[in-house]
Amino acid sequence: MSQEPLWEVFIRSRRGMSHVHAGSLHAADAEMALRNARDVYTRRQEGVSIWVVPASAIEASSPDEKDAFFDPAGDKVYRHPTFYDVPEGVQHL
Amino acid sequence: MSTPTAYVLALADDALISSQRLGWWISRAPQLEEDVAMANIGLDQLGQARALLSLAGAATGRSEDDLAYLRNERDFRNVCLVEREQADFGVAMARMLVFSTWQHELYSALSGSSDAMLAAISAKAVKETAYHVDHATHWVLRLGDGTDESHARMQAAVDAEWPWRAELFETEFLDDSLVADGVAVDPSGLQGPVEQRLEAVLHQATLNVPDTTSAYSKGRLGRHTEAMGYLLAEMQHLHRSHPGVNW
């Protein structure tokens, strides 16, 4: 069964959190992938919701493109909202 | 009201012996994910067995370990269905489907038992067994309605397990007053609902419901198949070689 497709598993640990990548596994189809994910990744109450995504459906950035992708943001300090004076008494910032 | 020891022991032994058989699959399932799934299911059953053994033993001062490790073959009351070898994955899934569907119907009904402890243990097990049924169902559907070879092997597995299901519904071992008092569930009453569910899965999986006579199966009376002695030897030898061993 080594030819079974690979699935990426995302687990939401509790309400209000977002799904976080937990790992990957093999399964014949989506329903079995969901069940395998339940058995492999939520045995210790790690989650309340699971997404499985075919690994082939994920388009990932390449390490080779790291410089072009991410370095240009390095010196754009004005993109950080640190140049505003926050009025006193403003909460939840 | 005294604890219905013999009845609870029978249900405990079903779960214990099935768990022992499932443990065999760890490292042998078709894929690592299935190793974990079968271990999880086996451990759920072991949890049920421990709670039931503790309940059964409380009346006579015996611990769960005493009952699991220090009884001999004739004292075990599990149905023969669960003790037989299952070195074929199709057989393991066919058996899980039959056994878990029965357990699910049984525990659902026992949640309303007049014995409070038995009702509580059963209520917890209902959710666990619902998942076991789901797991087995998905495999039986895929193997039954899969390739020509998987279909043939799944049908052979169902044919092998089907005759052994009948003992689950036998009442011979049961004290009638337990059913009258609302402690136990009449096993014969579960046959209709269980077989209806099983047949629905088999039809969907394009498999035939076997038309065979029941196996001669008397595990409930302590008369087991040849496989039982070997299973117990493996399960019990550590405890018997090193009495009281713990880790």
# chains A, B, ... in the order shown; residues from 1 in each chain; ligands from 1
>>> residues_around(residues="Ala120 in chain B", least_positions_apart="5", cutoff="9 Å", atoms="only C-alpha atoms", output="list in words")
Leu110, Ser111, Gly112, Ser113, Asp115 and Ala125 of chain B
>>> residues_around(residues="Ala37 in chain A", least_positions_apart="5", cutoff="10 Å", atoms="only C-alpha atoms", output="JSON list (two decimals) with N, CA, C and O atoms, in the first residue's frame")
[["chain", "number", "residue", "atom", "x", "y", "z"],
["A", 7, "TRP", "N", -1.12, 12.80, 2.54],
["A", 7, "TRP", "CA", -2.04, 13.85, 2.99],
["A", 7, "TRP", "C", -1.37, 14.67, 4.08],
["A", 7, "TRP", "O", -0.66, 14.13, 4.92],
["A", 8, "GLU", "N", -1.61, 15.98, 4.05],
["A", 8, "GLU", "CA", -1.11, 16.85, 5.12],
["A", 8, "GLU", "C", -2.25, 17.05, 6.12],
["A", 8, "GLU", "O", -3.42, 17.24, 5.74],
["A", 9, "VAL", "N", -1.91, 17.02, 7.39],
["A", 9, "VAL", "CA", -2.92, 17.06, 8.44],
["A", 9, "VAL", "C", -2.81, 18.37, 9.23],
["A", 9, "VAL", "O", -1.72, 18.76, 9.66],
["A", 10, "PHE", "N", -3.94, 19.02, 9.41],
["A", 10, "PHE", "CA", -4.02, 20.26, 10.19],
["A", 10, "PHE", "C", -5.00, 20.07, 11.33],
["A", 10, "PHE", "O", -6.12, 19.61, 11.12],
["A", 11, "ILE", "N", -4.56, 20.41, 12.53],
["A", 11, "ILE", "CA", -5.37, 20.19, 13.73],
["A", 11, "ILE", "C", -5.67, 21.52, 14.40],
["A", 11, "ILE", "O", -4.79, 22.35, 14.56],
["A", 22, "ALA", "N", 0.09, 19.54, 11.60],
["A", 22, "ALA", "CA", 0.52, 18.57, 12.60],
["A", 22, "ALA", "C", 1.48, 17.54, 12.02],
["A", 22, "ALA", "O", 2.31, 16.99, 12.73],
["A", 23, "GLY", "N", 1.36, 17.28, 10.71],
["A", 23, "GLY", "CA", 2.20, 16.26, 10.11],
["A", 23, "GLY", "C", 1.54, 15.72, 8.86],
["A", 23, "GLY", "O", 0.64, 16.36, 8.32],
["A", 24, "SER", "N", 1.99, 14.56, 8.43],
["A", 24, "SER", "CA", 1.42, 13.99, 7.21],
["A", 24, "SER", "C", 1.21, 12.50, 7.39],
["A", 24, "SER", "O", 1.71, 11.89, 8.35],
["A", 25, "LEU", "N", 0.44, 11.90, 6.50],
["A", 25, "LEU", "CA", 0.20, 10.46, 6.55],
["A", 25, "LEU", "C", -0.25, 9.95, 5.19],
["A", 25, "LEU", "O", -0.58, 10.73, 4.30],
["A", 26, "HIS", "N", -0.29, 8.63, 5.07],
["A", 26, "HIS", "CA", -0.77, 8.01, 3.83],
["A", 26, "HIS", "C", -2.19, 7.48, 4.04],
["A", 26, "HIS", "O", -2.52, 6.99, 5.11],
["A", 27, "ALA", "N", -3.02, 7.61, 3.01],
["A", 27, "ALA", "CA", -4.36, 7.03, 3.05],
["A", 27, "ALA", "C", -4.90, 6.93, 1.63],
["A", 27, "ALA", "O", -4.49, 7.68, 0.75],
["A", 31, "GLU", "N", -11.69, 10.29, 3.22],
["A", 31, "GLU", "CA", -12.37, 9.80, 4.43],
["A", 31, "GLU", "C", -11.41, 8.98, 5.30],
["A", 31, "GLU", "O", -11.43, 9.08, 6.53],
["A", 32, "MET", "N", -10.61, 8.13, 4.65],
["A", 32, "MET", "CA", -9.67, 7.32, 5.42],
["A", 32, "MET", "C", -8.55, 8.20, 5.98],
["A", 32, "MET", "O", -8.06, 7.95, 7.09],
["A", 42, "THR", "N", -4.57, 12.67, 17.21],
["A", 42, "THR", "CA", -5.43, 13.22, 18.29],
["A", 42, "THR", "C", -5.65, 12.20, 19.40],
["A", 42, "THR", "O", -6.66, 12.24, 20.09],
["A", 43, "ARG", "N", -4.69, 11.29, 19.58],
["A", 43, "ARG", "CA", -4.84, 10.27, 20.62],
["A", 43, "ARG", "C", -4.81, 10.86, 22.02],
["A", 43, "ARG", "O", -5.33, 10.29, 22.96],
["A", 50, "ILE", "N", -10.23, 18.57, 12.56],
["A", 50, "ILE", "CA", -9.12, 18.11, 11.71],
["A", 50, "ILE", "C", -9.41, 18.50, 10.26],
["A", 50, "ILE", "O", -10.54, 18.34, 9.79],
["A", 51, "TRP", "N", -8.38, 19.01, 9.58],
["A", 51, "TRP", "CA", -8.44, 19.13, 8.12],
["A", 51, "TRP", "C", -7.40, 18.19, 7.54],
["A", 51, "TRP", "O", -6.28, 18.10, 8.05],
["A", 52, "VAL", "N", -7.74, 17.52, 6.44],
["A", 52, "VAL", "CA", -6.72, 16.81, 5.67],
["A", 52, "VAL", "C", -6.73, 17.37, 4.25],
["A", 52, "VAL", "O", -7.77, 17.65, 3.69],
["B", 33, "GLU", "N", -0.21, 3.83, 9.83],
["B", 33, "GLU", "CA", -1.41, 4.49, 10.34],
["B", 33, "GLU", "C", -2.40, 3.46, 10.90],
["B", 33, "GLU", "O", -3.08, 3.71, 11.89],
["B", 37, "ALA", "N", -4.17, 2.72, 14.54],
["B", 37, "ALA", "CA", -5.63, 2.63, 14.66],
["B", 37, "ALA", "C", -6.03, 1.34, 15.38],
["B", 37, "ALA", "O", -6.87, 1.36, 16.29]]
>>> closest_atom_pairs(of="chain B", to="chain A", cutoff="9 Å", atoms="only C-alpha atoms", output="JSON lines")
{"residue": "B:Pro30", "atom": "CA", "partner": "A:Met1", "partner_atom": "CA", "distance": 6.7}
{"residue": "B:Gln31", "atom": "CA", "partner": "A:Met1", "partner_atom": "CA", "distance": 7.0}
{"residue": "B:Leu32", "atom": "CA", "partner": "A:His26", "partner_atom": "CA", "distance": 8.7}
{"residue": "B:Glu33", "atom": "CA", "partner": "A:Asn36", "partner_atom": "CA", "distance": 5.8}
{"residue": "B:Glu34", "atom": "CA", "partner": "A:Asn36", "partner_atom": "CA", "distance": 7.2}
{"residue": "B:Val36", "atom": "CA", "partner": "A:Val40", "partner_atom": "CA", "distance": 6.3}
{"residue": "B:Ala37", "atom": "CA", "partner": "A:Asp39", "partner_atom": "CA", "distance": 5.3}
{"residue": "B:Met38", "atom": "CA", "partner": "A:Asp39", "partner_atom": "CA", "distance": 9.0}
{"residue": "B:Asn40", "atom": "CA", "partner": "A:Asp39", "partner_atom": "CA", "distance": 7.1}
{"residue": "B:His135", "atom": "CA", "partner": "A:Arg35", "partner_atom": "CA", "distance": 7.6}
{"residue": "B:His138", "atom": "CA", "partner": "A:Met32", "partner_atom": "CA", "distance": 7.5}
{"residue": "B:Trp139", "atom": "CA", "partner": "A:Met32", "partner_atom": "CA", "distance": 8.6}
>>> write_last_selection(atoms="all heavy atoms", output="CSV table (one decimal), in the first residue's frame")
chain,number,residue,atom,x,y,z
B,30,PRO,N,-1.3,-3.2,7.4
B,30,PRO,CA,-0.8,-2.8,6.0
B,30,PRO,C,-0.1,-1.5,6.0
B,30,PRO,O,0.7,-1.3,5.1
B,30,PRO,CB,-2.1,-2.7,5.2
B,30,PRO,CG,-3.2,-3.4,6.0
B,30,PRO,CD,-2.7,-3.4,7.5
B,31,GLN,N,-0.3,-0.6,6.9
B,31,GLN,CA,0.4,0.7,7.0
B,31,GLN,C,0.6,1.1,8.4
B,31,GLN,O,-0.2,0.7,9.3
B,31,GLN,CB,-0.4,1.7,6.2
B,31,GLN,CG,-1.8,1.8,6.6
B,31,GLN,CD,-2.7,2.6,5.8
B,31,GLN,OE1,-3.8,3.0,6.2
B,31,GLN,NE2,-2.3,3.0,4.5
B,32,LEU,N,1.5,2.0,8.6
B,32,LEU,CA,1.8,2.4,10.0
B,32,LEU,C,0.6,3.1,10.6
B,32,LEU,O,0.3,2.9,11.8
B,32,LEU,CB,2.9,3.5,10.0
B,32,LEU,CG,3.4,4.0,11.3
B,32,LEU,CD1,4.9,4.3,11.3
B,32,LEU,CD2,2.7,5.3,11.6
B,33,GLU,N,-0.2,3.8,9.8
B,33,GLU,CA,-1.4,4.5,10.3
B,33,GLU,C,-2.4,3.5,10.9
B,33,GLU,O,-3.1,3.7,11.9
B,33,GLU,CB,-2.1,5.3,9.2
B,33,GLU,CG,-1.3,6.6,8.8
B,33,GLU,CD,-0.2,6.3,7.8
B,33,GLU,OE1,0.1,5.1,7.6
B,33,GLU,OE2,0.4,7.2,7.3
B,34,GLU,N,-2.5,2.3,10.2
B,34,GLU,CA,-3.4,1.3,10.7
B,34,GLU,C,-2.9,0.5,11.9
B,34,GLU,O,-3.7,0.1,12.7
B,34,GLU,CB,-3.6,0.3,9.5
B,34,GLU,CG,-4.8,-0.7,9.7
B,34,GLU,CD,-6.1,-0.1,9.9
B,34,GLU,OE1,-6.3,1.1,9.5
B,34,GLU,OE2,-7.0,-0.7,10.5
B,36,VAL,N,-1.5,2.0,14.3
B,36,VAL,CA,-1.9,2.9,15.4
B,36,VAL,C,-3.4,2.8,15.7
B,36,VAL,O,-3.9,2.7,16.8
B,36,VAL,CB,-1.5,4.4,15.2
B,36,VAL,CG1,-1.9,5.3,16.3
B,36,VAL,CG2,0.0,4.5,14.9
B,37,ALA,N,-4.2,2.7,14.5
B,37,ALA,CA,-5.6,2.6,14.7
B,37,ALA,C,-6.0,1.3,15.4
B,37,ALA,O,-6.9,1.4,16.3
B,37,ALA,CB,-6.3,2.7,13.3
B,38,MET,N,-5.4,0.2,15.0
B,38,MET,CA,-5.8,-1.0,15.6
B,38,MET,C,-5.3,-1.1,17.1
B,38,MET,O,-6.0,-1.7,17.9
B,38,MET,CB,-5.2,-2.2,14.8
B,38,MET,CG,-5.8,-2.3,13.5
B,38,MET,SD,-5.1,-3.6,12.4
B,38,MET,CE,-6.2,-5.0,12.7
B,40,ASN,N,-5.2,1.6,19.0
B,40,ASN,CA,-6.1,2.4,19.7
B,40,ASN,C,-7.4,1.7,20.1
B,40,ASN,O,-7.9,1.7,21.2
B,40,ASN,CB,-6.5,3.6,18.9
B,40,ASN,CG,-5.5,4.7,18.8
B,40,ASN,OD1,-4.5,4.7,19.5
B,40,ASN,ND2,-5.7,5.7,17.9
B,135,HIS,N,-14.7,2.5,11.8
B,135,HIS,CA,-13.4,2.1,11.2
B,135,HIS,C,-13.5,0.8,10.4
B,135,HIS,O,-13.1,0.8,9.3
B,135,HIS,CB,-12.4,1.9,12.4
B,135,HIS,CG,-11.0,1.7,11.9
B,135,HIS,ND1,-10.1,2.7,11.6
B,135,HIS,CD2,-10.3,0.5,11.6
B,135,HIS,CE1,-9.0,2.2,11.1
B,135,HIS,NE2,-9.1,0.9,11.2
B,138,HIS,N,-15.6,1.3,7.1
B,138,HIS,CA,-14.8,1.9,6.0
B,138,HIS,C,-13.9,1.0,5.3
B,138,HIS,O,-13.8,1.0,4.1
B,138,HIS,CB,-14.1,3.2,6.5
B,138,HIS,CG,-15.0,4.4,6.6
B,138,HIS,ND1,-15.3,5.2,5.5
B,138,HIS,CD2,-15.7,4.9,7.6
B,138,HIS,CE1,-16.1,6.1,5.8
B,138,HIS,NE2,-16.4,6.0,7.1
B,139,TRP,N,-13.3,0.1,6.0
B,139,TRP,CA,-12.4,-0.9,5.4
B,139,TRP,C,-13.2,-1.9,4.6
B,139,TRP,O,-12.8,-2.3,3.5
B,139,TRP,CB,-11.5,-1.6,6.4
B,139,TRP,CG,-10.2,-0.8,6.7
B,139,TRP,CD1,-9.8,-0.2,7.8
B,139,TRP,CD2,-9.1,-0.6,5.7
B,139,TRP,NE1,-8.6,0.5,7.7
B,139,TRP,CE2,-8.2,0.2,6.4
B,139,TRP,CE3,-8.9,-0.9,4.4
B,139,TRP,CZ2,-7.0,0.6,5.8
B,139,TRP,CZ3,-7.7,-0.5,3.8
B,139,TRP,CH2,-6.8,0.2,4.5
>>> atom_distance(atom1="CA of Met96 in chain B", atom2="CA of Gln196 in chain B")
16.0 Å
>>> select_by_dssp(residues="range 2-50 of chain A", states="strand (DSSP E)", output="count of residues only")
16
>>> select_by_dssp(residues="range 7-47 of chain A", states="alpha helix (DSSP H)", output="list in words")
Ala30, Glu31, Met32, Ala33, Leu34, Arg35, Asn36, Ala37, Arg38, Asp39, Val40 and Tyr41 of chain A
>>> write_last_selection(atoms="N, CA and C atoms", output="mmCIF file, in the first residue's frame")
data_model
loop_
_atom_site.group_PDB
_atom_site.id
_atom_site.type_symbol
_atom_site.label_atom_id
_atom_site.label_comp_id
_atom_site.auth_asym_id
_atom_site.auth_seq_id
_atom_site.Cartn_x
_atom_site.Cartn_y
_atom_site.Cartn_z
ATOM 1 N N ALA A 30 -9.883 10.584 1.056
ATOM 2 C CA ALA A 30 -10.025 11.639 2.069
ATOM 3 C C ALA A 30 -10.662 11.135 3.368
ATOM 4 N N GLU A 31 -11.687 10.293 3.223
ATOM 5 C CA GLU A 31 -12.366 9.802 4.435
ATOM 6 C C GLU A 31 -11.414 8.978 5.301
ATOM 7 N N MET A 32 -10.611 8.128 4.650
ATOM 8 C CA MET A 32 -9.669 7.321 5.418
ATOM 9 C C MET A 32 -8.548 8.195 5.984
ATOM 10 N N ALA A 33 -8.174 9.215 5.234
ATOM 11 C CA ALA A 33 -7.136 10.125 5.728
ATOM 12 C C ALA A 33 -7.597 10.815 7.014
ATOM 13 N N LEU A 34 -8.866 11.207 7.031
ATOM 14 C CA LEU A 34 -9.423 11.878 8.214
ATOM 15 C C LEU A 34 -9.398 10.934 9.415
ATOM 16 N N ARG A 35 -9.739 9.685 9.168
ATOM 17 C CA ARG A 35 -9.759 8.715 10.275
ATOM 18 C C ARG A 35 -8.340 8.378 10.737
ATOM 19 N N ASN A 36 -7.434 8.230 9.771
ATOM 20 C CA ASN A 36 -6.042 7.985 10.161
ATOM 21 C C ASN A 36 -5.498 9.160 10.972
ATOM 22 N N ALA A 37 -5.877 10.364 10.565
ATOM 23 C CA ALA A 37 -5.401 11.551 11.285
ATOM 24 C C ALA A 37 -5.924 11.553 12.712
ATOM 25 N N ARG A 38 -7.172 11.155 12.852
ATOM 26 C CA ARG A 38 -7.774 11.068 14.191
ATOM 27 C C ARG A 38 -6.978 10.090 15.055
ATOM 28 N N ASP A 39 -6.606 8.961 14.462
ATOM 29 C CA ASP A 39 -5.910 7.929 15.233
ATOM 30 C C ASP A 39 -4.453 8.267 15.504
ATOM 31 N N VAL A 40 -3.808 8.917 14.542
ATOM 32 C CA VAL A 40 -2.375 9.169 14.698
ATOM 33 C C VAL A 40 -2.105 10.469 15.464
ATOM 34 N N TYR A 41 -2.940 11.492 15.228
ATOM 35 C CA TYR A 41 -2.585 12.819 15.753
ATOM 36 C C TYR A 41 -3.485 13.363 16.871
#
>>> residues_around(residues="Arg71 in chain B", least_positions_apart="6", cutoff="10 Å", atoms="only C-alpha atoms", output="number ranges by chain")
B: 65, 232, 236
>>> atom_distance(atom1="CA of Ala55 in chain A", atom2="CA of Leu6 in chain A")
5.6 Å
>>> residues_around(residues="range 8-12 of chain B", least_positions_apart="5", cutoff="7 Å", atoms="only C-alpha atoms", output="VMD selection string")
chain B and resid 49 52 to 53 56 77 to 78 220
>>> atom_distance(atom1="CA of Ala205 in chain B", atom2="CA of Ala92 in chain B")
16.1 Å
>>> closest_residue(among="B:His104, B:Arg50, B:Arg95, B:Arg21", to="Pro193 in chain B", atoms="only C-alpha atoms")
B:His104
